[in-house]
Structures are given as structure tokens and as C-alpha cells.
>>> print(open('query27.pdb').read())   # PDB, C-alpha atoms
ATOM      1  CA  MET A   1     -11.249  -6.981  19.224
ATOM      2  CA  HIS A   2      -7.743  -5.604  18.816
ATOM      3  CA  LYS A   3      -5.524  -6.386  21.806
ATOM      4  CA  GLY A   4      -2.611  -4.031  21.081
ATOM      5  CA  LYS A   5      -1.690  -0.718  19.535
ATOM      6  CA  VAL A   6      -2.985  -0.053  16.005
ATOM      7  CA  ILE A   7      -0.508   0.899  13.293
ATOM      8  CA  LEU A   8      -2.173   3.453  11.021
ATOM      9  CA  THR A   9      -0.774   3.791   7.497
ATOM     10  CA  CYS A  10      -1.560   6.683   5.175
ATOM     11  CA  ALA A  11      -1.385   6.008   1.417
ATOM     12  CA  ILE A  12      -0.487   9.455   0.128
ATOM     13  CA  THR A  13      -1.186   9.579  -3.616
ATOM     14  CA  GLY A  14      -1.384   6.114  -5.169
ATOM     15  CA  ASN A  15      -1.347   5.053  -8.785
ATOM     16  CA  LEU A  16      -4.966   5.198  -9.944
ATOM     17  CA  THR A  17      -6.438   8.277  -8.236
ATOM     18  CA  LYS A  18      -6.640  11.012 -10.879
ATOM     19  CA  PRO A  19      -6.071  14.738 -10.311
ATOM     20  CA  ASP A  20      -9.492  15.437 -11.840
ATOM     21  CA  GLN A  21     -11.110  13.406  -9.013
ATOM     22  CA  THR A  22      -9.830  15.810  -6.375
ATOM     23  CA  PRO A  23      -7.842  19.056  -6.409
ATOM     24  CA  HIS A  24      -6.209  17.999  -3.138
ATOM     25  CA  LEU A  25      -4.128  15.125  -4.571
ATOM     26  CA  PRO A  26      -0.375  15.588  -3.942
ATOM     27  CA  ILE A  27       1.534  15.455  -7.227
ATOM     28  CA  THR A  28       5.080  16.824  -6.935
ATOM     29  CA  PRO A  29       7.703  15.291  -4.639
ATOM     30  CA  ALA A  30       7.471  18.365  -2.391
ATOM     31  CA  GLN A  31       3.670  18.072  -2.174
ATOM     32  CA  ILE A  32       3.941  14.357  -1.367
ATOM     33  CA  VAL A  33       6.470  15.091   1.394
ATOM     34  CA  ASP A  34       4.307  17.846   2.892
ATOM     35  CA  SER A  35       1.173  15.696   2.772
ATOM     36  CA  ALA A  36       2.987  12.749   4.363
ATOM     37  CA  LEU A  37       4.316  14.930   7.177
ATOM     38  CA  GLU A  38       0.819  16.295   7.846
ATOM     39  CA  ALA A  39      -0.534  12.725   7.927
ATOM     40  CA  ALA A  40       2.186  11.756  10.405
ATOM     41  CA  GLU A  41       1.315  14.700  12.648
ATOM     42  CA  ALA A  42      -2.318  13.536  12.575
ATOM     43  CA  GLY A  43      -1.351  10.052  13.754
ATOM     44  CA  ALA A  44      -0.033   7.929  10.871
ATOM     45  CA  ALA A  45       3.043   5.895  11.876
ATOM     46  CA  VAL A  46       3.603   4.658   8.306
ATOM     47  CA  VAL A  47       3.315   6.489   4.992
ATOM     48  CA  HIS A  48       2.837   4.505   1.784
ATOM     49  CA  ILE A  49       4.444   6.232  -1.185
ATOM     50  CA  HIS A  50       3.855   6.299  -4.926
ATOM     51  CA  VAL A  51       5.277   9.106  -7.060
ATOM     52  CA  ARG A  52       3.967  11.037 -10.053
ATOM     53  CA  ASP A  53       5.236  13.053 -12.984
ATOM     54  CA  PRO A  54       5.159  16.633 -11.655
ATOM     55  CA  GLU A  55       4.216  17.962 -15.114
ATOM     56  CA  THR A  56       1.324  15.635 -15.979
ATOM     57  CA  GLY A  57       0.219  14.211 -12.616
ATOM     58  CA  ARG A  58       0.394  10.726 -14.121
ATOM     59  CA  PRO A  59       1.955   7.811 -12.216
ATOM     60  CA  SER A  60       5.736   7.650 -12.448
ATOM     61  CA  MET A  61       8.472   5.185 -11.533
ATOM     62  CA  GLU A  62      11.337   7.678 -11.819
ATOM     63  CA  LEU A  63      14.012   6.981  -9.220
ATOM     64  CA  ASP A  64      14.733  10.691  -8.850
ATOM     65  CA  HIS A  65      11.146  11.416  -7.785
ATOM     66  CA  TYR A  66      11.305   8.636  -5.185
ATOM     67  CA  ALA A  67      14.692   9.861  -3.980
ATOM     68  CA  GLN A  68      13.392  13.399  -3.462
ATOM     69  CA  VAL A  69      10.456  12.115  -1.412
ATOM     70  CA  VAL A  70      12.536   9.704   0.679
ATOM     71  CA  GLU A  71      15.268  12.263   1.351
ATOM     72  CA  GLY A  72      12.708  14.939   2.274
ATOM     73  CA  LEU A  73      10.894  12.663   4.704
ATOM     74  CA  ARG A  74      14.033  11.228   6.273
ATOM     75  CA  LYS A  75      15.405  14.712   6.856
ATOM     76  CA  ALA A  76      12.184  16.012   8.454
ATOM     77  CA  ARG A  77      11.006  12.865  10.279
ATOM     78  CA  PRO A  78      13.637  10.106  10.465
ATOM     79  CA  ASP A  79      11.343   8.194  12.837
ATOM     80  CA  LEU A  80       8.524   7.937  10.267
ATOM     81  CA  ILE A  81       8.208   4.481   8.677
ATOM     82  CA  LEU A  82       8.477   4.654   4.894
ATOM     83  CA  ASN A  83       6.595   2.107   2.789
ATOM     84  CA  LEU A  84       7.305   2.330  -0.950
ATOM     85  CA  THR A  85       5.165   0.695  -3.608
ATOM     86  CA  THR A  86       6.406  -1.853  -6.128
ATOM     87  CA  GLY A  87       2.971  -2.262  -7.726
ATOM     88  CA  PRO A  88       3.472  -0.284 -10.973
ATOM     89  CA  GLY A  89       4.882  -2.222 -13.898
ATOM     90  CA  GLY A  90       2.506  -5.185 -13.897
ATOM     91  CA  ARG A  91      -0.308  -4.066 -16.217
ATOM     92  CA  PHE A  92      -0.910  -5.745 -19.587
ATOM     93  CA  VAL A  93      -3.292  -4.525 -22.266
ATOM     94  CA  PRO A  94      -3.742  -7.099 -25.083
ATOM     95  CA  SER A  95      -4.119  -5.648 -28.563
ATOM     96  CA  ASP A  96      -7.380  -6.400 -30.372
ATOM     97  CA  GLU A  97      -5.757  -7.919 -33.446
ATOM     98  CA  ASP A  98      -3.249 -10.143 -31.654
ATOM     99  CA  PRO A  99      -3.824 -10.476 -27.896
ATOM    100  CA  LYS A 100      -0.266 -11.631 -27.220
ATOM    101  CA  ILE A 101       1.002  -8.276 -28.488
ATOM    102  CA  ALA A 102       0.899  -5.442 -25.960
ATOM    103  CA  ALA A 103      -1.336  -2.455 -26.723
ATOM    104  CA  PRO A 104      -0.831   1.123 -25.456
ATOM    105  CA  GLY A 105      -1.320   1.327 -21.706
ATOM    106  CA  THR A 106       0.799  -1.765 -21.016
ATOM    107  CA  THR A 107       3.372  -1.181 -18.272
ATOM    108  CA  LEU A 108       4.606  -4.775 -17.864
ATOM    109  CA  MET A 109       8.347  -4.763 -17.257
ATOM    110  CA  ALA A 110      11.175  -6.853 -15.850
ATOM    111  CA  PRO A 111      10.639  -7.574 -12.153
ATOM    112  CA  GLU A 112      14.001  -6.093 -11.177
ATOM    113  CA  LYS A 113      13.036  -2.758 -12.731
ATOM    114  CA  ARG A 114       9.906  -2.638 -10.575
ATOM    115  CA  VAL A 115      12.025  -2.840  -7.410
ATOM    116  CA  GLY A 116      15.063  -0.807  -8.485
ATOM    117  CA  HIS A 117      14.051   2.088  -6.238
ATOM    118  CA  ILE A 118      13.821  -0.291  -3.270
ATOM    119  CA  ALA A 119      17.400  -1.491  -3.756
ATOM    120  CA  ALA A 120      18.586   2.111  -4.166
ATOM    121  CA  LEU A 121      16.683   3.809  -1.330
ATOM    122  CA  LYS A 122      16.131   1.004   1.204
ATOM    123  CA  PRO A 123      12.859   2.104   2.838
ATOM    124  CA  GLU A 124      11.697   0.232   5.915
ATOM    125  CA  ILE A 125       8.863  -1.492   4.006
ATOM    126  CA  ALA A 126       8.059  -2.262   0.357
ATOM    127  CA  THR A 127       4.738  -3.597  -0.875
ATOM    128  CA  LEU A 128       4.742  -6.835  -2.871
ATOM    129  CA  ASP A 129       1.584  -7.547  -4.876
ATOM    130  CA  LEU A 130       0.615 -11.198  -5.383
ATOM    131  CA  ASN A 131      -2.395 -10.560  -7.632
ATOM    132  CA  THR A 132      -2.879 -11.686 -11.185
ATOM    133  CA  MET A 133      -6.369 -10.416 -11.958
ATOM    134  CA  ASN A 134      -8.688  -8.437 -14.195
ATOM    135  CA  SER A 135      -8.307  -4.732 -13.487
ATOM    136  CA  GLY A 136     -10.817  -2.518 -15.255
ATOM    137  CA  GLY A 137     -10.703  -3.674 -18.870
ATOM    138  CA  GLU A 138      -7.097  -4.814 -18.559
ATOM    139  CA  VAL A 139      -5.150  -7.350 -16.556
ATOM    140  CA  VAL A 140      -2.483  -7.183 -13.869
ATOM    141  CA  ILE A 141       0.103  -9.961 -14.091
ATOM    142  CA  ASN A 142       2.283 -11.076 -11.173
ATOM    143  CA  THR A 143       3.520 -14.570 -11.988
ATOM    144  CA  PRO A 144       5.045 -16.729  -9.248
ATOM    145  CA  ARG A 145       8.466 -16.581 -10.913
ATOM    146  CA  ASN A 146       8.420 -12.784 -11.203
ATOM    147  CA  VAL A 147       7.145 -12.309  -7.653
ATOM    148  CA  ARG A 148      10.032 -14.437  -6.391
ATOM    149  CA  ARG A 149      12.488 -12.299  -8.375
ATOM    150  CA  MET A 150      11.034  -9.114  -6.843
ATOM    151  CA  ALA A 151      11.024 -10.636  -3.355
ATOM    152  CA  LYS A 152      14.728 -11.482  -3.673
ATOM    153  CA  VAL A 153      15.655  -7.862  -4.430
ATOM    154  CA  ILE A 154      13.528  -6.640  -1.510
ATOM    155  CA  ARG A 155      15.077  -9.215   0.840
ATOM    156  CA  ASP A 156      18.639  -8.497  -0.343
ATOM    157  CA  ALA A 157      18.047  -4.782   0.342
ATOM    158  CA  GLY A 158      17.156  -5.596   3.959
ATOM    159  CA  VAL A 159      13.629  -4.254   3.446
ATOM    160  CA  MET A 160      10.474  -5.743   4.994
ATOM    161  CA  PRO A 161       7.880  -6.792   2.398
ATOM    162  CA  GLU A 162       4.218  -5.993   2.970
ATOM    163  CA  ILE A 163       2.256  -8.598   1.026
ATOM    164  CA  GLU A 164      -0.763  -7.213  -0.840
ATOM    165  CA  LEU A 165      -3.603  -9.751  -1.099
ATOM    166  CA  PHE A 166      -6.451  -9.070  -3.516
ATOM    167  CA  ASP A 167      -8.234 -12.426  -3.324
ATOM    168  CA  SER A 168      -8.104 -15.733  -1.466
ATOM    169  CA  GLY A 169      -5.842 -17.366  -4.048
ATOM    170  CA  ASP A 170      -3.205 -14.771  -3.211
ATOM    171  CA  ILE A 171      -3.140 -16.093   0.363
ATOM    172  CA  ALA A 172      -2.485 -19.613  -0.936
ATOM    173  CA  PHE A 173       0.364 -18.158  -3.030
ATOM    174  CA  MET A 174       1.766 -16.357   0.040
ATOM    175  CA  LYS A 175       1.799 -19.628   1.971
ATOM    176  CA  ASP A 176       3.856 -21.244  -0.813
ATOM    177  CA  LEU A 177       6.307 -18.328  -0.686
ATOM    178  CA  LEU A 178       6.644 -18.816   3.071
ATOM    179  CA  SER A 179       7.081 -22.576   2.774
ATOM    180  CA  ASP A 180       9.875 -22.296   0.178
ATOM    181  CA  GLY A 181      11.724 -19.551   2.050
ATOM    182  CA  THR A 182      11.016 -16.733  -0.419
ATOM    183  CA  LEU A 183       9.267 -14.963   2.470
ATOM    184  CA  ALA A 184      10.054 -15.221   6.171
ATOM    185  CA  GLY A 185       7.434 -15.059   8.895
ATOM    186  CA  PRO A 186       5.842 -13.490  10.782
ATOM    187  CA  VAL A 187       4.465 -11.988   7.595
ATOM    188  CA  LEU A 188       3.093  -8.455   7.248
ATOM    189  CA  CYS A 189       0.160  -8.346   4.838
ATOM    190  CA  SER A 190      -2.844  -6.373   3.642
ATOM    191  CA  PHE A 191      -6.220  -7.389   2.272
ATOM    192  CA  VAL A 192      -7.291  -5.002  -0.487
ATOM    193  CA  LEU A 193     -11.097  -4.866  -0.453
ATOM    194  CA  GLY A 194     -13.262  -3.078  -2.969
ATOM    195  CA  VAL A 195     -11.338  -3.506  -6.217
ATOM    196  CA  LYS A 196     -14.086  -4.584  -8.618
ATOM    197  CA  TYR A 197     -12.846  -8.086  -9.427
ATOM    198  CA  GLY A 198     -11.122  -8.908  -6.137
ATOM    199  CA  PHE A 199     -12.052  -9.236  -2.460
ATOM    200  CA  GLN A 200     -15.347  -7.460  -1.785
ATOM    201  CA  PRO A 201     -15.595  -5.347   1.373
ATOM    202  CA  SER A 202     -17.655  -6.963   4.125
ATOM    203  CA  PRO A 203     -17.143  -8.241   7.678
ATOM    204  CA  GLU A 204     -17.419 -11.787   6.337
ATOM    205  CA  THR A 205     -14.622 -11.226   3.817
ATOM    206  CA  VAL A 206     -12.250  -9.803   6.421
ATOM    207  CA  LEU A 207     -12.846 -12.667   8.842
ATOM    208  CA  TYR A 208     -12.576 -15.269   6.054
ATOM    209  CA  ALA A 209      -9.257 -13.801   4.868
ATOM    210  CA  ARG A 210      -7.906 -13.374   8.407
ATOM    211  CA  ASN A 211      -8.723 -16.984   9.241
ATOM    212  CA  MET A 212      -6.696 -18.190   6.242
ATOM    213  CA  LEU A 213      -3.522 -16.437   7.406
ATOM    214  CA  PRO A 214      -0.545 -18.323   8.819
ATOM    215  CA  ALA A 215       0.118 -18.076  12.551
ATOM    216  CA  GLY A 216       1.617 -14.800  13.701
ATOM    217  CA  ALA A 217       0.688 -12.827  10.575
ATOM    218  CA  ARG A 218       0.051  -9.093  11.013
ATOM    219  CA  PHE A 219      -2.665  -7.726   8.718
ATOM    220  CA  THR A 220      -4.492  -4.601   7.602
ATOM    221  CA  ALA A 221      -7.846  -4.637   5.807
ATOM    222  CA  ILE A 222      -7.786  -1.778   3.289
ATOM    223  CA  GLY A 223     -11.094  -0.469   1.942
ATOM    224  CA  ILE A 224     -11.193   1.192  -1.480
ATOM    225  CA  GLY A 225     -13.562   4.084  -2.238
ATOM    226  CA  ARG A 226     -16.695   4.124  -0.094
ATOM    227  CA  ALA A 227     -15.387   1.094   1.814
ATOM    228  CA  ALA A 228     -12.405   3.021   3.229
ATOM    229  CA  PHE A 229     -13.791   3.955   6.634
ATOM    230  CA  PRO A 230     -15.999   0.889   7.194
ATOM    231  CA  MET A 231     -12.897  -1.255   6.677
ATOM    232  CA  VAL A 232     -10.924   0.815   9.213
ATOM    233  CA  ALA A 233     -13.494  -0.267  11.789
ATOM    234  CA  GLN A 234     -13.718  -3.812  10.494
ATOM    235  CA  SER A 235      -9.944  -4.279  10.403
ATOM    236  CA  PHE A 236      -9.644  -3.055  13.980
ATOM    237  CA  LEU A 237     -12.498  -5.254  15.195
ATOM    238  CA  ALA A 238     -10.919  -8.292  13.502
ATOM    239  CA  GLY A 239      -7.577  -7.653  15.231
ATOM    240  CA  GLY A 240      -5.818  -5.875  12.373
ATOM    241  CA  HIS A 241      -4.189  -2.533  11.712
ATOM    242  CA  ALA A 242      -5.607   0.252   9.512
ATOM    243  CA  ARG A 243      -4.943   2.300   6.383
ATOM    244  CA  VAL A 244      -6.520   5.318   4.723
ATOM    245  CA  GLY A 245      -5.310   7.929   2.257
ATOM    246  CA  LEU A 246      -6.058   9.642  -1.034
ATOM    247  CA  GLU A 247      -4.786   6.537  -2.835
ATOM    248  CA  ASP A 248      -7.718   4.566  -1.421
ATOM    249  CA  GLY A 249     -10.551   7.117  -1.322
ATOM    250  CA  VAL A 250     -10.936  10.847  -1.904
ATOM    251  CA  TYR A 251     -14.063  11.489   0.197
ATOM    252  CA  LEU A 252     -14.201  12.341   3.886
ATOM    253  CA  SER A 253     -17.942  11.642   3.913
ATOM    254  CA  ARG A 254     -20.642  11.275   1.271
ATOM    255  CA  GLY A 255     -20.193  14.092  -1.248
ATOM    256  CA  GLU A 256     -17.458  15.817   0.795
ATOM    257  CA  LEU A 257     -13.955  15.670  -0.669
ATOM    258  CA  ALA A 258     -11.214  15.177   1.900
ATOM    259  CA  PRO A 259      -9.167  18.382   2.035
ATOM    260  CA  SER A 260      -5.993  16.435   2.834
ATOM    261  CA  ASN A 261      -4.537  13.091   3.788
ATOM    262  CA  ALA A 262      -4.327  14.393   7.343
ATOM    263  CA  ALA A 263      -8.113  14.808   7.418
ATOM    264  CA  LEU A 264      -8.548  11.148   6.436
ATOM    265  CA  VAL A 265      -6.072  10.091   9.125
ATOM    266  CA  THR A 266      -7.889  12.200  11.720
ATOM    267  CA  LYS A 267     -11.213  10.513  10.922
ATOM    268  CA  ALA A 268      -9.654   7.045  10.954
ATOM    269  CA  ARG A 269      -8.045   7.828  14.296
ATOM    270  CA  ARG A 270     -11.415   8.895  15.703
ATOM    271  CA  ILE A 271     -13.042   5.656  14.532
ATOM    272  CA  ILE A 272     -10.321   3.539  16.146
ATOM    273  CA  GLU A 273     -10.347   5.503  19.392
ATOM    274  CA  ASP A 274     -14.153   5.509  19.572
ATOM    275  CA  LEU A 275     -14.013   1.708  19.351
ATOM    276  CA  GLY A 276     -11.567   1.604  22.251
ATOM    277  CA  GLY A 277      -8.307   1.398  20.343
ATOM    278  CA  THR A 278      -5.081   3.366  20.543
ATOM    279  CA  LEU A 279      -2.792   4.328  17.687
ATOM    280  CA  ALA A 280       0.826   3.227  17.774
ATOM    281  CA  SER A 281       3.443   5.962  17.740
ATOM    282  CA  THR A 282       6.259   5.621  15.216
ATOM    283  CA  ALA A 283       8.478   4.151  17.952
ATOM    284  CA  GLU A 284       5.769   1.697  19.011
ATOM    285  CA  ALA A 285       5.100   0.720  15.393
ATOM    286  CA  ARG A 286       8.802   0.082  14.855
ATOM    287  CA  ALA A 287       8.848  -2.148  17.920
ATOM    288  CA  LEU A 288       5.764  -4.051  16.750
ATOM    289  CA  LEU A 289       7.349  -4.637  13.331
ATOM    290  CA  SER A 290      10.860  -5.330  14.690
ATOM    291  CA  LEU A 291      12.284  -2.361  12.788
ATOM    292  CA  PRO A 292      15.261  -0.374  14.109
ATOM    293  CA  GLN A 293      14.391   2.638  16.209
ATOM    294  CA  MET A 294      15.083   6.116  14.832
ATOM    295  CA  VAL A 295      15.058   9.363  16.783
ATOM    296  CA  GLN A 296      12.719  12.134  15.628
ATOM    297  CA  SER A 297      14.725  15.209  14.635
TER
END
>>> encode(input="query27.pdb", output="C-alpha cells")
Amino acid sequence: MHKGKVILTCAITGNLTKPDQTPHLPITPAQIVDSALEAAEAGAAVVHIHVRDPETGRPSMELDHYAQVVEGLRKARPDLILNLTTGPGGRFVPSDEDPKIAAPGTTLMAPEKRVGHIAALKPEIATLDLNTMNSGGEVVINTPRNVRRMAKVIRDAGVMPEIELFDSGDIAFMKDLLSDGTLAGPVLCSFVLGVKYGFQPSPETVLYARNMLPAGARFTAIGIGRAAFPMVAQSFLAGGHARVGLEDGVYLSRGELAPSNAALVTKARRIIEDLGGTLASTAEARALLSLPQMVQS
């Protein structure tokens, strides 16, 4: 059972959720800001941010889009903890004729380009994915050398990395990064459960992954799709924090689309409180993560 306050993160729009899955997905920087502020009002202490092309709704890595979101949120809620993704830019699609040649859909790019917005905008937290794995019919590649290059930029920017773990091998990799000084403990990490070829969502998986963590690690078990709310409960019961959002799942209940990120946060809050937990405020979350305190405007 969780002994302290629970930090609830809301993942606002993500990379893979498509606008045709739900009409409620925030697309433009202004929509992302509004949705994040609503999620914060509902109880999220952290908002996890991806951005999109306002014209097409497709994932984007444009610095200007990130800057608009960060500036909007910092102006409205300077106390809110901002967590920016560095996940995009790792996908490789081998061509049929010559697999070493990239086919359309490949986003693989230099590690420093994947974290350029972190160096420029200096959020409190940036995710750092350790997975090299099959993803749909393609592959995501995060080699040890490239992860170390990304980690250096994040560290030099004074930003806290949140380590994204998609399978047990990623935890072994994280331990190597801690032992060689690439990462400093106590580490903040997430288990991503429910991606088809990674960790599968179950109580056993969460406990297995938790028990592999180094001493002092803070963790969140994130459920994808139908696993979103069960993993809120399971993460709490295993001593972890929690995350929901339209990045992870678009349904509030079976067959009922969530009308907003705030609605997902409200349900997650109810689950945690019904189990005897209490959500951390932004100030409490900052204290738990050793982040500087900011005053709400």
C-alpha cells in the first residue's frame, strides 16, 4: 500500500492517439494548454506534453509549438510541473528491398535533435525512453550510446529525467546508466504496460518490475488502452504514483469516450481516494521530487 501522497500525471495528447479515435483530443498549442490546465484543476500535479501540427493533427517536434505550450502553462500556472517528451525521433521502418535503407515513416534522428526543446525550454522533467523494441510493424531504436547522448543534454539543462521502461531489459539498462553516472539516483521512472510487444498489464508484472528497481526509485505504472484505470489502482497498491490521459487511453469506461483529460483525472483521483490514498498538490509533488517551489499566480 502507498505510504505517502500520490503524484498524478496527466498525459495530454501523446504521439500515437489519432484525432479519428476521439473528437476530444487536444491538437493546437492553445487546446493543449487549456486541456492541461483543466487536468491540473481536477488534481494532476504533473502534465506530460507532446505537441502536434495544428493543421494536420499529426505528431510534431517543432520547437515553436512546444514553446507556445510551455509559455502558456507557465504564465497561467507556474506551480504546475511540466514534463516534456523526448520519445519522438526513434522510429525506424526498414524498406522491403534493402532493410538497412529507411522507408517512409522513419523518424530516426540524431539524439541531440530529439532533446533540443529540452535544452531550450528547460521543463522540470523530460522523459527518456530506454526501449529498443518492435512497435506495430516497425521498430523503435534507442541504443545505449544514443540514450547517453540524450541524457547528457537533459542533465546539462538541469532537467530531471523520467525513465520510461517498456520491458525488464530496460531496467537492466537503467541500472548500467546509474552505475556509470549517466543517471543519478534516486531515479524517477515509469513502467509502460500494455504496448503489444512490451510489459503486459497485470499485478504480477507491476510487482516484478518494482522489485527489480534500485533502492529509493520512485515509479509509476502506466496502463495503455483498457489497462489505464486498472493500472492506476495497481500502481497505487504497489507503492507507486499514477498517470492517465488521452495519450494513454481515450475511454472513460467501456464504450464511453472521455470528454476531456480532466474527466480521466477525476476518475483516477476517485480510484486513488477510494483505496485510501491522497493526491499530492503541485507544491507537495515538487517537494517529493526535490524540485524548486513555484508560487501559483
>>> resolve_selection(input="query27.pdb", expression="the PyMOL selection byres ((chain A and resi 135) around 12)", output="PDB file with C-alpha atoms, in the frame of the given file")
ATOM      1  CA  LEU A  16      -4.966   5.198  -9.944  1.00  0.00           C
ATOM      2  CA  GLY A  90       2.506  -5.185 -13.897  1.00  0.00           C
ATOM      3  CA  ARG A  91      -0.308  -4.066 -16.217  1.00  0.00           C
ATOM      4  CA  PHE A  92      -0.910  -5.745 -19.587  1.00  0.00           C
ATOM      5  CA  VAL A  93      -3.292  -4.525 -22.266  1.00  0.00           C
ATOM      6  CA  ASN A 131      -2.395 -10.560  -7.632  1.00  0.00           C
ATOM      7  CA  THR A 132      -2.879 -11.686 -11.185  1.00  0.00           C
ATOM      8  CA  MET A 133      -6.369 -10.416 -11.958  1.00  0.00           C
ATOM      9  CA  ASN A 134      -8.688  -8.437 -14.195  1.00  0.00           C
ATOM     10  CA  GLY A 136     -10.817  -2.518 -15.255  1.00  0.00           C
ATOM     11  CA  GLY A 137     -10.703  -3.674 -18.870  1.00  0.00           C
ATOM     12  CA  GLU A 138      -7.097  -4.814 -18.559  1.00  0.00           C
ATOM     13  CA  VAL A 139      -5.150  -7.350 -16.556  1.00  0.00           C
ATOM     14  CA  VAL A 140      -2.483  -7.183 -13.869  1.00  0.00           C
ATOM     15  CA  ILE A 141       0.103  -9.961 -14.091  1.00  0.00           C
ATOM     16  CA  PHE A 166      -6.451  -9.070  -3.516  1.00  0.00           C
ATOM     17  CA  GLY A 194     -13.262  -3.078  -2.969  1.00  0.00           C
ATOM     18  CA  VAL A 195     -11.338  -3.506  -6.217  1.00  0.00           C
ATOM     19  CA  LYS A 196     -14.086  -4.584  -8.618  1.00  0.00           C
ATOM     20  CA  TYR A 197     -12.846  -8.086  -9.427  1.00  0.00           C
ATOM     21  CA  GLY A 198     -11.122  -8.908  -6.137  1.00  0.00           C
TER      22      GLY A 198
END
>>> closest_residue(input="query27.pdb", among="A:Ala120, A:Ala233, A:Asp98, A:Leu25", to="Arg270 (chain A)", atoms="all atoms listed in the file")
A:Ala233
>>> closest_residue(input="query27.pdb", among="A:Gly4, A:Pro99, A:Pro88, A:Gly225", to="Asp129 (chain A)", atoms="only C-alpha atoms")
A:Pro88
>>> resolve_selection(input="query27.pdb", expression="the PyMOL selection byres ((chain A and resi 20-23) around 12)", output="ChimeraX atom specification")
/A:13,16-19,24-27,56-58,225,246-247,249-252,255-261
>>> residues_around(input="query27.pdb", residues="Leu82 (chain A)", least_positions_apart="6", cutoff="10 Å", atoms="only C-alpha atoms", output="MDAnalysis selection string")
chainID A and resid 9 36 45:49 69:70 73:74 122:126
>>> closest_residue(input="query27.pdb", among="A:Ile12, A:Leu177, A:Leu165, A:Val244", to="Arg210 (chain A)", atoms="only C-alpha atoms")
A:Leu165
